[in-house]
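Engineer: Below is the file query_9.pdb, with PDB, C-alpha atoms and all ligand atoms.
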```
ATOM      1  CA  MET A   1     112.588  78.756 106.571
ATOM      2  CA  SER A   2     115.241  81.252 105.437
ATOM      3  CA  ALA A   3     118.075  82.436 107.670
ATOM      4  CA  GLU A   4     116.654  85.950 107.317
ATOM      5  CA  TRP A   5     113.238  84.869 108.567
ATOM      6  CA  ASN A   6     114.852  83.063 111.516
ATOM      7  CA  GLU A   7     116.832  86.124 112.455
ATOM      8  CA  LEU A   8     113.769  88.330 112.088
ATOM      9  CA  GLN A   9     111.916  86.034 114.443
ATOM     10  CA  THR A  10     114.523  86.405 117.182
ATOM     11  CA  GLN A  11     115.527  90.028 116.639
ATOM     12  CA  LEU A  12     112.215  91.748 115.910
ATOM     13  CA  PRO A  13     110.970  91.809 119.534
ATOM     14  CA  VAL A  14     114.352  93.183 120.660
ATOM     15  CA  TRP A  15     114.454  95.925 118.006
ATOM     16  CA  LEU A  16     110.822  96.753 118.687
ATOM     17  CA  GLU A  17     111.425  97.372 122.388
ATOM     18  CA  ALA A  18     114.399  99.611 121.548
ATOM     19  CA  SER A  19     112.288 101.632 119.075
ATOM     20  CA  ARG A  20     109.413 101.891 121.538
ATOM     21  CA  GLN A  21     111.551 104.352 123.566
ATOM     22  CA  ARG A  22     111.196 106.796 120.651
ATOM     23  CA  ALA A  23     107.458 107.098 121.254
ATOM     24  CA  ALA A  24     108.193 109.371 124.220
ATOM     25  CA  SER A  25     109.344 112.120 121.846
ATOM     26  CA  GLY A  26     106.146 111.966 119.760
ATOM     27  CA  LYS A  27     102.524 113.028 120.188
ATOM     28  CA  VAL A  28      99.284 111.248 119.368
ATOM     29  CA  ALA A  29      97.251 113.194 116.748
ATOM     30  CA  ALA A  30      94.492 115.192 118.381
ATOM     31  CA  TYR A  31      93.116 117.348 115.539
ATOM     32  CA  ILE A  32      90.686 114.486 114.951
ATOM     33  CA  PRO A  33      89.522 114.327 118.608
ATOM     34  CA  GLU A  34      88.724 110.608 118.570
ATOM     35  CA  LEU A  35      92.311 109.708 117.585
ATOM     36  CA  ALA A  36      93.641 111.240 120.803
ATOM     37  CA  ASN A  37      92.410 108.172 122.724
ATOM     38  CA  ALA A  38      95.114 105.924 121.206
ATOM     39  CA  PRO A  39      97.844 104.580 123.544
ATOM     40  CA  ALA A  40     100.930 106.775 122.981
ATOM     41  CA  ASP A  41     103.545 104.164 123.818
ATOM     42  CA  ALA A  42     102.072 101.318 121.780
ATOM     43  CA  LEU A  43     104.223  99.800 119.043
ATOM     44  CA  GLY A  44     103.521  96.734 116.945
ATOM     45  CA  MET A  45     104.764  95.230 113.709
ATOM     46  CA  THR A  46     103.559  92.366 111.521
ATOM     47  CA  ILE A  47     105.540  90.991 108.581
ATOM     48  CA  CYS A  48     103.983  88.610 106.038
ATOM     49  CA  ASP A  49     105.910  86.718 103.400
ATOM     50  CA  GLY A  50     104.652  85.160 100.167
ATOM     51  CA  HIS A  51     104.425  81.659 101.690
ATOM     52  CA  GLN A  52     101.668  82.487 104.146
ATOM     53  CA  GLN A  53     104.024  82.935 107.065
ATOM     54  CA  ALA A  54     103.596  85.881 109.401
ATOM     55  CA  LEU A  55     105.665  87.305 112.224
ATOM     56  CA  THR A  56     104.233  89.618 114.843
ATOM     57  CA  ALA A  57     105.853  91.626 117.610
ATOM     58  CA  GLY A  58     104.608  94.133 120.168
ATOM     59  CA  ASP A  59     101.073  95.533 120.211
ATOM     60  CA  CYS A  60      99.784  93.911 117.051
ATOM     61  CA  GLY A  61      96.320  93.393 118.498
ATOM     62  CA  LEU A  62      95.692  97.147 118.415
ATOM     63  CA  GLN A  63      92.900  98.312 116.097
ATOM     64  CA  PHE A  64      93.365 101.653 114.351
ATOM     65  CA  THR A  65      92.020 103.535 111.347
ATOM     66  CA  LEU A  66      93.808 103.605 107.997
ATOM     67  CA  GLN A  67      93.749 107.414 107.656
ATOM     68  CA  SER A  68      96.175 108.408 104.899
ATOM     69  CA  ILE A  69      97.267 104.825 104.242
ATOM     70  CA  SER A  70      93.904 104.423 102.501
ATOM     71  CA  LYS A  71      95.031 106.968  99.883
ATOM     72  CA  VAL A  72      97.309 104.429  98.179
ATOM     73  CA  PHE A  73      94.407 102.061  97.675
ATOM     74  CA  THR A  74      91.807 104.599  96.590
ATOM     75  CA  LEU A  75      94.395 105.708  94.038
ATOM     76  CA  LEU A  76      94.600 102.118  92.757
ATOM     77  CA  LEU A  77      90.818 101.868  92.549
ATOM     78  CA  ALA A  78      90.577 105.222  90.763
ATOM     79  CA  LEU A  79      93.229 104.054  88.274
ATOM     80  CA  MET A  80      91.218 100.876  87.686
ATOM     81  CA  ASP A  81      88.042 102.959  87.251
ATOM     82  CA  GLN A  82      89.391 105.853  85.146
ATOM     83  CA  GLY A  83      92.768 104.795  83.728
ATOM     84  CA  GLU A  84      95.946 106.857  83.981
ATOM     85  CA  GLU A  85      94.671 109.673  81.790
ATOM     86  CA  GLY A  86      91.513 110.161  83.793
ATOM     87  CA  VAL A  87      93.351 110.242  87.108
ATOM     88  CA  PHE A  88      96.274 112.416  86.067
ATOM     89  CA  ALA A  89      93.978 115.011  84.553
ATOM     90  CA  LYS A  90      92.959 115.786  88.156
ATOM     91  CA  VAL A  91      96.081 115.148  90.201
ATOM     92  CA  GLY A  92      99.804 115.556  89.602
ATOM     93  CA  MET A  93     102.852 113.322  90.087
ATOM     94  CA  GLU A  94     105.184 115.499  92.126
ATOM     95  CA  PRO A  95     106.089 115.688  95.826
ATOM     96  CA  THR A  96     105.307 118.982  97.553
ATOM     97  CA  GLY A  97     107.774 119.188 100.439
ATOM     98  CA  ASP A  98     104.849 120.654 102.411
ATOM     99  CA  ASN A  99     102.648 119.281 105.185
ATOM    100  CA  PHE A 100     100.028 116.700 104.208
ATOM    101  CA  ASN A 101      97.143 119.126 104.684
ATOM    102  CA  SER A 102      98.785 122.152 103.079
ATOM    103  CA  MET A 103      96.912 124.300 100.601
ATOM    104  CA  LEU A 104      99.892 126.465  99.759
ATOM    105  CA  LYS A 105     100.759 125.076  96.338
ATOM    106  CA  LEU A 106      97.185 124.871  95.080
ATOM    107  CA  GLU A 107      97.348 128.521  94.229
ATOM    108  CA  LEU A 108     100.905 128.574  92.969
ATOM    109  CA  VAL A 109     100.484 126.460  89.876
ATOM    110  CA  ASP A 110      98.265 126.514  86.857
ATOM    111  CA  PRO A 111      96.084 124.504  86.571
ATOM    112  CA  GLY A 112      95.507 124.344  90.333
ATOM    113  CA  ILE A 113      95.405 120.580  90.586
ATOM    114  CA  PRO A 114      96.869 118.918  93.696
ATOM    115  CA  PHE A 115     100.539 117.979  93.353
ATOM    116  CA  ASN A 116     100.064 114.282  94.092
ATOM    117  CA  PRO A 117      97.410 111.787  95.235
ATOM    118  CA  LEU A 118      98.924 111.177  98.690
ATOM    119  CA  ILE A 119      98.458 114.669 100.129
ATOM    120  CA  ASN A 120      94.973 115.448 101.416
ATOM    121  CA  ALA A 121      93.996 117.665  98.483
ATOM    122  CA  GLY A 122      95.085 114.976  96.012
ATOM    123  CA  ALA A 123      93.315 112.176  97.861
ATOM    124  CA  ILE A 124      90.097 114.218  98.002
ATOM    125  CA  ALA A 125      90.329 114.677  94.221
ATOM    126  CA  VAL A 126      90.924 110.922  93.851
ATOM    127  CA  SER A 127      87.850 110.143  96.003
ATOM    128  CA  SER A 128      85.750 112.043  93.485
ATOM    129  CA  LEU A 129      86.963 109.709  90.708
ATOM    130  CA  ILE A 130      85.773 106.433  92.238
ATOM    131  CA  HIS A 131      82.847 104.978  90.281
ATOM    132  CA  GLY A 132      79.468 104.826  92.010
ATOM    133  CA  ALA A 133      76.168 106.682  91.718
ATOM    134  CA  THR A 134      76.036 107.684  95.390
ATOM    135  CA  PRO A 135      78.574 108.166  98.218
ATOM    136  CA  ALA A 136      77.285 104.898  99.723
ATOM    137  CA  GLU A 137      77.909 103.022  96.485
ATOM    138  CA  LYS A 138      81.422 104.457  96.229
ATOM    139  CA  ILE A 139      82.305 103.644  99.815
ATOM    140  CA  ASN A 140      80.914 100.128  99.441
ATOM    141  CA  ARG A 141      83.151  99.554  96.434
ATOM    142  CA  ILE A 142      86.157 100.947  98.311
ATOM    143  CA  ALA A 143      85.428  98.788 101.371
ATOM    144  CA  ALA A 144      85.003  95.662  99.219
ATOM    145  CA  PHE A 145      88.341  96.372  97.494
ATOM    146  CA  PHE A 146      90.140  96.919 100.813
ATOM    147  CA  GLN A 147      88.567  93.743 102.240
ATOM    148  CA  GLU A 148      89.825  91.723  99.302
ATOM    149  CA  LEU A 149      93.347  93.141  99.627
ATOM    150  CA  ALA A 150      93.437  92.612 103.391
ATOM    151  CA  GLY A 151      91.908  89.147 103.165
ATOM    152  CA  ASP A 152      89.191  90.024 105.662
ATOM    153  CA  ALA A 153      85.558  90.522 104.684
ATOM    154  CA  ALA A 154      84.832  92.008 108.109
ATOM    155  CA  LEU A 155      86.763  95.294 107.661
ATOM    156  CA  LYS A 156      84.472  98.196 108.476
ATOM    157  CA  ILE A 157      84.322 101.902 109.153
ATOM    158  CA  ASN A 158      84.964 103.108 112.704
ATOM    159  CA  GLU A 159      81.893 105.362 112.972
ATOM    160  CA  ALA A 160      83.185 107.286 116.003
ATOM    161  CA  VAL A 161      86.370 108.270 114.146
ATOM    162  CA  TYR A 162      84.393 109.153 111.007
ATOM    163  CA  LEU A 163      81.972 111.387 112.930
ATOM    164  CA  SER A 164      84.802 112.969 114.898
ATOM    165  CA  GLU A 165      86.629 113.867 111.675
ATOM    166  CA  THR A 166      83.641 115.074 109.693
ATOM    167  CA  LYS A 167      82.593 117.406 112.535
ATOM    168  CA  THR A 168      86.020 119.011 112.868
ATOM    169  CA  ALA A 169      87.481 118.918 109.336
ATOM    170  CA  HIS A 170      87.473 122.638 108.635
ATOM    171  CA  ARG A 171      90.788 122.540 106.866
ATOM    172  CA  ASN A 172      89.951 119.568 104.617
ATOM    173  CA  ARG A 173      86.610 121.218 103.849
ATOM    174  CA  SER A 174      88.343 124.396 102.771
ATOM    175  CA  LEU A 175      90.776 122.378 100.644
ATOM    176  CA  ALA A 176      87.879 120.605  98.957
ATOM    177  CA  TYR A 177      85.949 123.810  98.226
ATOM    178  CA  PHE A 178      89.143 125.302  96.853
ATOM    179  CA  LEU A 179      89.446 122.309  94.511
ATOM    180  CA  LYS A 180      85.849 122.838  93.436
ATOM    181  CA  ALA A 181      86.621 126.469  92.607
ATOM    182  CA  ASN A 182      89.662 125.332  90.606
ATOM    183  CA  GLY A 183      87.509 122.962  88.542
ATOM    184  CA  VAL A 184      89.148 119.838  89.964
ATOM    185  CA  LEU A 185      85.920 118.530  91.506
ATOM    186  CA  GLU A 186      83.614 118.710  88.521
ATOM    187  CA  ASP A 187      79.966 117.686  88.537
ATOM    188  CA  VAL A 188      80.182 116.442  92.096
ATOM    189  CA  ASP A 189      78.879 117.647  95.417
ATOM    190  CA  VAL A 190      81.780 118.658  97.666
ATOM    191  CA  GLU A 191      80.168 117.302 100.843
ATOM    192  CA  GLU A 192      79.551 113.956  99.138
ATOM    193  CA  VAL A 193      83.199 113.720  98.082
ATOM    194  CA  LEU A 194      84.286 114.543 101.624
ATOM    195  CA  GLU A 195      81.977 111.874 103.027
ATOM    196  CA  VAL A 196      83.680 109.270 100.825
ATOM    197  CA  TYR A 197      87.137 110.592 101.778
ATOM    198  CA  PHE A 198      86.513 110.657 105.548
ATOM    199  CA  LYS A 199      84.890 107.228 105.450
ATOM    200  CA  HIS A 200      87.761 105.543 103.637
ATOM    201  CA  CYS A 201      90.189 107.171 106.089
ATOM    202  CA  SER A 202      88.093 105.707 108.942
ATOM    203  CA  ILE A 203      88.245 102.057 107.882
ATOM    204  CA  GLU A 204      89.572 100.127 110.855
ATOM    205  CA  VAL A 205      92.447  97.650 110.583
ATOM    206  CA  ASN A 206      95.248  96.006 112.541
ATOM    207  CA  CYS A 207      98.897  95.356 111.625
ATOM    208  CA  MET A 208      98.074  92.033 109.961
ATOM    209  CA  HIS A 209      95.625  93.763 107.599
ATOM    210  CA  LEU A 210      98.279  96.329 106.634
ATOM    211  CA  ALA A 211     100.859  93.596 106.081
ATOM    212  CA  ARG A 212      98.467  91.668 103.827
ATOM    213  CA  MET A 213      97.569  94.776 101.817
ATOM    214  CA  ALA A 214     101.281  95.568 101.459
ATOM    215  CA  LEU A 215     102.011  91.997 100.379
ATOM    216  CA  VAL A 216      99.771  92.426  97.315
ATOM    217  CA  LEU A 217     101.844  95.475  96.352
ATOM    218  CA  ALA A 218     105.086  93.581  97.059
ATOM    219  CA  PHE A 219     103.919  90.954  94.549
ATOM    220  CA  ASP A 220     102.960  93.455  91.829
ATOM    221  CA  GLY A 221      99.226  93.240  92.399
ATOM    222  CA  ALA A 222      98.944  89.453  92.725
ATOM    223  CA  ASP A 223      97.790  88.183  96.109
ATOM    224  CA  PRO A 224     100.193  85.350  96.987
ATOM    225  CA  VAL A 225      97.576  83.957  99.375
ATOM    226  CA  SER A 226      94.676  83.597  96.909
ATOM    227  CA  GLY A 227      96.835  83.538  93.767
ATOM    228  CA  ARG A 228      94.574  86.176  92.202
ATOM    229  CA  GLN A 229      95.762  89.294  90.345
ATOM    230  CA  LEU A 230      93.855  91.985  92.270
ATOM    231  CA  VAL A 231      95.447  95.055  90.673
ATOM    232  CA  PRO A 232      97.166  95.510  87.283
ATOM    233  CA  ARG A 233     100.949  95.555  87.680
ATOM    234  CA  ARG A 234     101.295  99.001  86.043
ATOM    235  CA  TYR A 235      99.033 100.603  88.650
ATOM    236  CA  VAL A 236     100.981  99.000  91.492
ATOM    237  CA  GLN A 237     104.138 100.415  89.919
ATOM    238  CA  ILE A 238     102.566 103.894  89.996
ATOM    239  CA  ALA A 239     101.453 103.466  93.624
ATOM    240  CA  LYS A 240     104.872 102.232  94.779
ATOM    241  CA  THR A 241     106.586 105.162  93.068
ATOM    242  CA  PHE A 242     104.308 107.610  94.880
ATOM    243  CA  MET A 243     105.002 105.777  98.140
ATOM    244  CA  ILE A 244     108.738 106.361  97.698
ATOM    245  CA  THR A 245     108.425 110.016  96.649
ATOM    246  CA  CYS A 246     105.424 111.134  98.758
ATOM    247  CA  GLY A 247     104.347 108.284 101.084
ATOM    248  CA  MET A 248     105.893 109.735 104.240
ATOM    249  CA  TYR A 249     104.892 113.335 103.380
ATOM    250  CA  ASN A 250     107.687 115.852 103.791
ATOM    251  CA  GLU A 251     109.827 113.162 105.406
ATOM    252  CA  SER A 252     109.772 110.988 102.274
ATOM    253  CA  GLY A 253     113.307 111.891 101.199
ATOM    254  CA  ALA A 254     114.796 111.118 104.613
ATOM    255  CA  PHE A 255     112.880 107.850 104.836
ATOM    256  CA  ALA A 256     114.013 106.847 101.328
ATOM    257  CA  ILE A 257     117.602 107.470 102.356
ATOM    258  CA  ARG A 258     117.333 105.771 105.746
ATOM    259  CA  ALA A 259     115.024 102.829 104.977
ATOM    260  CA  GLY A 260     114.754 102.807 101.176
ATOM    261  CA  LEU A 261     111.337 101.112 101.093
ATOM    262  CA  PRO A 262     107.991 102.114  99.572
ATOM    263  CA  ALA A 263     105.830 103.083 102.550
ATOM    264  CA  LYS A 264     102.714 105.029 103.473
ATOM    265  CA  SER A 265     101.875 106.485 106.849
ATOM    266  CA  GLY A 266      98.672 107.721 108.460
ATOM    267  CA  VAL A 267      97.939 110.062 111.375
ATOM    268  CA  SER A 268      96.600 107.151 113.409
ATOM    269  CA  GLY A 269     100.266 106.076 113.627
ATOM    270  CA  GLY A 270      99.989 103.236 111.124
ATOM    271  CA  ILE A 271     102.634 102.639 108.471
ATOM    272  CA  LEU A 272     102.342 100.209 105.580
ATOM    273  CA  ALA A 273     105.653  99.235 103.968
ATOM    274  CA  LEU A 274     106.893  96.553 101.632
ATOM    275  CA  VAL A 275     109.985  94.778 100.435
ATOM    276  CA  PRO A 276     109.364  94.066  96.725
ATOM    277  CA  GLY A 277     108.961  90.376  95.925
ATOM    278  CA  LYS A 278     109.390  89.442  99.594
ATOM    279  CA  TYR A 279     107.380  91.014 102.386
ATOM    280  CA  GLY A 280     104.371  93.064 103.331
ATOM    281  CA  ILE A 281     104.800  94.996 106.587
ATOM    282  CA  GLY A 282     102.272  96.627 108.910
ATOM    283  CA  VAL A 283     103.280  98.914 111.784
ATOM    284  CA  ILE A 284     101.321 100.789 114.435
ATOM    285  CA  GLY A 285     102.789 103.389 116.799
ATOM    286  CA  PRO A 286     100.331 106.219 117.552
ATOM    287  CA  ALA A 287     102.859 108.818 118.784
ATOM    288  CA  LEU A 288     103.776 110.974 115.773
ATOM    289  CA  ASN A 289     106.794 113.106 114.930
ATOM    290  CA  SER A 290     106.495 116.679 113.648
ATOM    291  CA  LYS A 291     105.881 115.445 110.082
ATOM    292  CA  GLY A 292     102.894 113.333 111.123
ATOM    293  CA  ASN A 293     104.652 109.955 110.899
ATOM    294  CA  SER A 294     104.842 107.378 113.705
ATOM    295  CA  THR A 295     108.071 108.258 115.449
ATOM    296  CA  ALA A 296     108.762 104.785 116.868
ATOM    297  CA  GLY A 297     107.393 103.109 113.738
ATOM    298  CA  VAL A 298     109.772 104.999 111.458
ATOM    299  CA  HIS A 299     112.699 104.090 113.713
ATOM    300  CA  LEU A 300     111.742 100.409 113.756
ATOM    301  CA  LEU A 301     111.355 100.230 109.966
ATOM    302  CA  GLU A 302     114.724 101.892 109.487
ATOM    303  CA  THR A 303     116.344  99.483 111.945
ATOM    304  CA  VAL A 304     114.933  96.360 110.294
ATOM    305  CA  SER A 305     115.603  97.572 106.745
ATOM    306  CA  ASN A 306     119.219  98.395 107.575
ATOM    307  CA  ALA A 307     119.798  95.097 109.371
ATOM    308  CA  PHE A 308     118.878  93.150 106.233
ATOM    309  CA  ASP A 309     119.982  95.677 103.608
ATOM    310  CA  TRP A 310     116.476  95.921 102.186
ATOM    311  CA  SER A 311     116.896  99.382 100.651
ATOM    312  CA  LEU A 312     115.851  99.481  97.012
ATOM    313  CA  PHE A 313     118.737 101.781  96.206
TER
HETATM  314  N1  LIG A 401      91.861 111.745 107.527
HETATM  315  C1  LIG A 401      93.092 112.454 107.758
HETATM  316  C2  LIG A 401      92.982 113.888 107.287
HETATM  317  O1  LIG A 401      92.430 114.120 106.263
HETATM  318  C3  LIG A 401      94.219 111.750 107.059
HETATM  319  C4  LIG A 401      95.538 112.488 107.195
HETATM  320  C5  LIG A 401      96.701 111.608 107.475
HETATM  321  O2  LIG A 401      96.604 110.447 107.825
HETATM  322  N2  LIG A 401      97.855 112.201 107.382
HETATM  323  O3  LIG A 401      93.437 114.797 107.904
END
```
Represent the structure from my file as structure tokens, please.

Structural biologist:
Amino acid sequence: MSAEWNELQTQLPVWLEASRQRAASGKVAAYIPELANAPADALGMTICDGHQQALTAGDCGLQFTLQSISKVFTLLLALMDQGEEGVFAKVGMEPTGDNFNSMLKLELVDPGIPFNPLINAGAIAVSSLIHGATPAEKINRIAAFFQELAGDAALKINEAVYLSETKTAHRNRSLAYFLKANGVLEDVDVEEVLEVYFKHCSIEVNCMHLARMALVLAFDGADPVSGRQLVPRRYVQIAKTFMITCGMYNESGAFAIRAGLPAKSGVSGGILALVPGKYGIGVIGPALNSKGNSTAGVHLLETVSNAFDWSLF
């Protein structure tokens, strides 16, 4: 066992309790009503290494939905289905500096394609690119892919969260219809695309699942547990670059400076992060800051990254 792993083992619970205090300044997302039931002061972290060791601290037993974290993995599947050309005909490569659900820039550029695949508009466009004759076929392929990455064939959709989102998603609906008008969603039914999008956001996980999914990215698409190459290295490179530039929304620059790790957050309070070649990390902390990122989770990741000088830069 490395000295770093030993220190992580002793320090992680201490750092976690210090970061937990930050939850008090955040708020659990309530625009999807079902998410408001999450415990505001929960905080958990799981770290997996490439030798099948895992460390857990805090509330790692908590189940939560992937929300925007799923966008990284639907992007990978879309790249595997359509190639780079197919995907980047419909979605751009640039950060927006705007909120994750903003529609502002869709009308400012020509053609009106979403700026990147990690904002809602971009992820909705990506959902339309997943192969499958029906929404059910697409979602089954997405679920099977996520199960393989997470090493758990039991991953499933949280129906209550899905229904809660689909009933209240007026803003995402308007984004999607706007994309249809701009010719981004071609030959597809908008409601069917939204069904796929809301369902992949509603897949339920815990910190260990996030850490395992992150580990595959940390090892360039090869799962160190099964030894199988699950994603081509080039596509993982694309995903990790988006995670650095857009993964924490309009807090991505600050997070890159403070933690320096590829990461992706979701409004459930989950964060998936990785240390290339070393670790996959899963975090849950439902209280969010004003940018929609877990306030305690961000603090904990920054603390751990700084302690071990993990920044990529
Ligand atoms: N399903 C959520 C939405 O579309 C995902 C957003 C997020 O996690 N930031 O609003």

Engineer: Which residues of chain A sit at most 10 Å from ligand LIG 401 (chain A), using all atoms listed in the file? Give each one's shortest atom pair and distance in Å (one decimal place), in chain and ascending residue order, as CSV.

Structural biologist:
```
residue,atom,partner,partner_atom,distance
A:Ala29,CA,A:LIG401,O2,9.4
A:Tyr31,CA,A:LIG401,O3,8.1
A:Ile32,CA,A:LIG401,O3,7.6
A:Thr65,CA,A:LIG401,O2,9.0
A:Leu66,CA,A:LIG401,O2,7.4
A:Gln67,CA,A:LIG401,O2,4.2
A:Ser68,CA,A:LIG401,O2,3.6
A:Ile69,CA,A:LIG401,O2,6.7
A:Ser70,CA,A:LIG401,O2,8.5
A:Lys71,CA,A:LIG401,C3,8.7
A:Asn99,CA,A:LIG401,N2,8.8
A:Phe100,CA,A:LIG401,N2,5.9
A:Asn101,CA,A:LIG401,O3,6.5
A:Leu118,CA,A:LIG401,N2,8.8
A:Ile119,CA,A:LIG401,N2,7.7
A:Asn120,CA,A:LIG401,O1,5.6
A:Ala121,CA,A:LIG401,O1,8.7
A:Ala123,CA,A:LIG401,O1,8.7
A:Ile124,CA,A:LIG401,O1,8.6
A:Val161,CA,A:LIG401,N1,9.3
A:Tyr162,CA,A:LIG401,N1,8.6
A:Glu165,CA,A:LIG401,N1,7.0
A:Thr166,CA,A:LIG401,N1,9.1
A:Thr168,CA,A:LIG401,O3,9.9
A:Ala169,CA,A:LIG401,O3,7.4
A:His170,CA,A:LIG401,O3,9.9
A:Arg171,CA,A:LIG401,O3,8.2
A:Asn172,CA,A:LIG401,O1,6.2
A:Arg173,CA,A:LIG401,O1,9.5
A:Leu194,CA,A:LIG401,O1,9.4
A:Tyr197,CA,A:LIG401,N1,7.5
A:Phe198,CA,A:LIG401,N1,5.8
A:Lys199,CA,A:LIG401,N1,8.6
A:His200,CA,A:LIG401,N1,8.4
A:Cys201,CA,A:LIG401,N1,5.1
A:Ser202,CA,A:LIG401,N1,7.3
A:Gly247,CA,A:LIG401,N2,9.9
A:Met248,CA,A:LIG401,N2,9.0
A:Tyr249,CA,A:LIG401,N2,8.2
A:Lys264,CA,A:LIG401,O2,9.3
A:Ser265,CA,A:LIG401,O2,6.7
A:Gly266,CA,A:LIG401,O2,3.5
A:Val267,CA,A:LIG401,O2,3.8
A:Ser268,CA,A:LIG401,O2,6.5
A:Gly269,CA,A:LIG401,O2,8.1
A:Gly270,CA,A:LIG401,O2,8.6
A:Ile271,CA,A:LIG401,O2,9.9
A:Lys291,CA,A:LIG401,N2,9.1
A:Gly292,CA,A:LIG401,N2,6.4
A:Asn293,CA,A:LIG401,N2,8.0
```

Engineer: As number ranges by chain, please: the residues near Ala18 (chain A) (cut-off 10 Å, all atoms listed in the file, same-chain neighbours under 6 positions excluded).

Structural biologist: A: 12, 296, 299-300, 303

Engineer: I need the residue set behind the PyMOL selection byres (((chain A and resi 150) around 8) and not hetatm) for this file; please write it as a ChimeraX atom specification.

Structural biologist: /A:146-149,151-152,209-213

Engineer: Nearest to Leu77 (chain A) among A:Leu55, A:Ala36, A:Val231, A:Ile244, with distances taken over only C-alpha atoms: which residue is it?

Structural biologist: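 Residue with the minimum atom-to-atom distance to Leu77 (chain A): A:Val231.
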
Engineer: With the PyMOL selection byres (((chain A and resi 61) around 10) and not hetatm) as the selection, what would be picked from this file? Answer as JSON, numbers by chain, please.

Structural biologist: {"A": [44, 45, 56, 57, 58, 59, 60, 62, 63, 64, 205, 206, 207, 208, 284]}

Engineer: Which polymer residues have any atom within 12 Å of an atom of Ile257 (chain A), counting all atoms listed in the file, with same-chain residues fewer than 4 positions away left out, as a list of chain:residue names?

Structural biologist: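 Answer for this query is A:Ile244, A:Thr245, A:Glu251, A:Ser252, A:Gly253, A:Leu261, A:Pro262, A:Glu302, A:Ser305, A:Asn306, A:Trp310, A:Ser311, A:Leu312, A:Phe313.
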
Engineer: What's around Gly26 (chain A) at 10 Å? Count only C-alpha atoms, leave out sequence neighbours fewer than 6 positions away in its own chain, and write the answer as a list in words.

Structural biologist: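 Counting only C-alpha atoms, the residues come to Ala40, Asp41, Gly285, Pro286, Ala287, Leu288, Asn289, Ser290, Gly292, Asn293, Ser294, Thr295 and Ala296 of chain A.
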
Engineer: What does the PyMOL selection byres (((chain A and resi 112-117) around 9) and not hetatm) select in this file, as a VMD selection string?

Structural biologist: chain A and resid 71 to 72 75 89 to 96 103 105 to 111 118 to 126 179 182 to 184 242 246

Engineer: Using Å and a single decimal, report how far CA of Val298 (chain A) sits from CA of Ala263 (chain A).

Structural biologist: 9.9 Å

Engineer: Extract, using all atoms listed in the file, all DNA, RNA and protein residues at most 12 Å from Tyr279 (chain A), discarding same-chain residues fewer than 4 positions from it, and format them as a PyMOL selection string.

Structural biologist: chain A and resi 4-5+8+46-55+210-220+223-224+261-262+272-275+305+310

Engineer: To one decimal place, how far is CA of Leu129 (chain A) from CA of Arg233 (chain A) in Å?

Structural biologist: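 Rounded to one decimal, the two atoms are 20.1 Å apart.
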
Engineer: Figure out the distance between CA of Met243 (chain A) and CA of Ala307 (chain A), please, to one decimal in Å.

Structural biologist: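 Taking CA of Ala307 (chain A) as the start and CA of Met243 (chain A) as the end point, the length is 21.4 Å.
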
Engineer: Given the choices A:Lys167, A:His131, A:Arg258, A:Arg141, which gets closest to Glu34 (chain A) if the distance is worked out from all atoms listed in the file?

Structural biologist: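 Closest to Glu34 (chain A), using all atoms listed in the file: A:Lys167.
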
Engineer: Out of A:Ala259, A:Leu155, A:Val14, A:Ala42, which residue has the shortest atom-to-atom distance to Lys27 (chain A) when counting all atoms listed in the file?

Structural biologist: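 Nearest candidate to Lys27 (chain A) out of A:Ala259, A:Leu155, A:Val14, A:Ala42: A:Ala42.
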
Engineer: Need to verify the contact set: Asp189 (chain A), 10 Å, all atoms listed in the file, exclusion of same-chain residues closer than 5 positions in sequence. Can you return it as a PyMOL selection string?

Structural biologist: chain A and resi 128+135+177+180+194

Engineer: Rank nothing, just name the residue among A:Leu43, A:Asp309, A:Met1, A:Gln237 nearest to Pro13 (chain A), using all atoms listed in the file.

Structural biologist: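 The closest residue to Pro13 (chain A) is A:Leu43.
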
Engineer: Let me have the centre and edge lengths of the axis-aligned box enclosing all listed atoms of region 305-310 of chain A with 3 Å padding on every side, in Å to one decimal, as JSON.

Structural biologist:
```
{"center_x": 117.8, "center_y": 95.8, "center_z": 105.8, "size_x": 10.4, "size_y": 11.2, "size_z": 13.2}
```
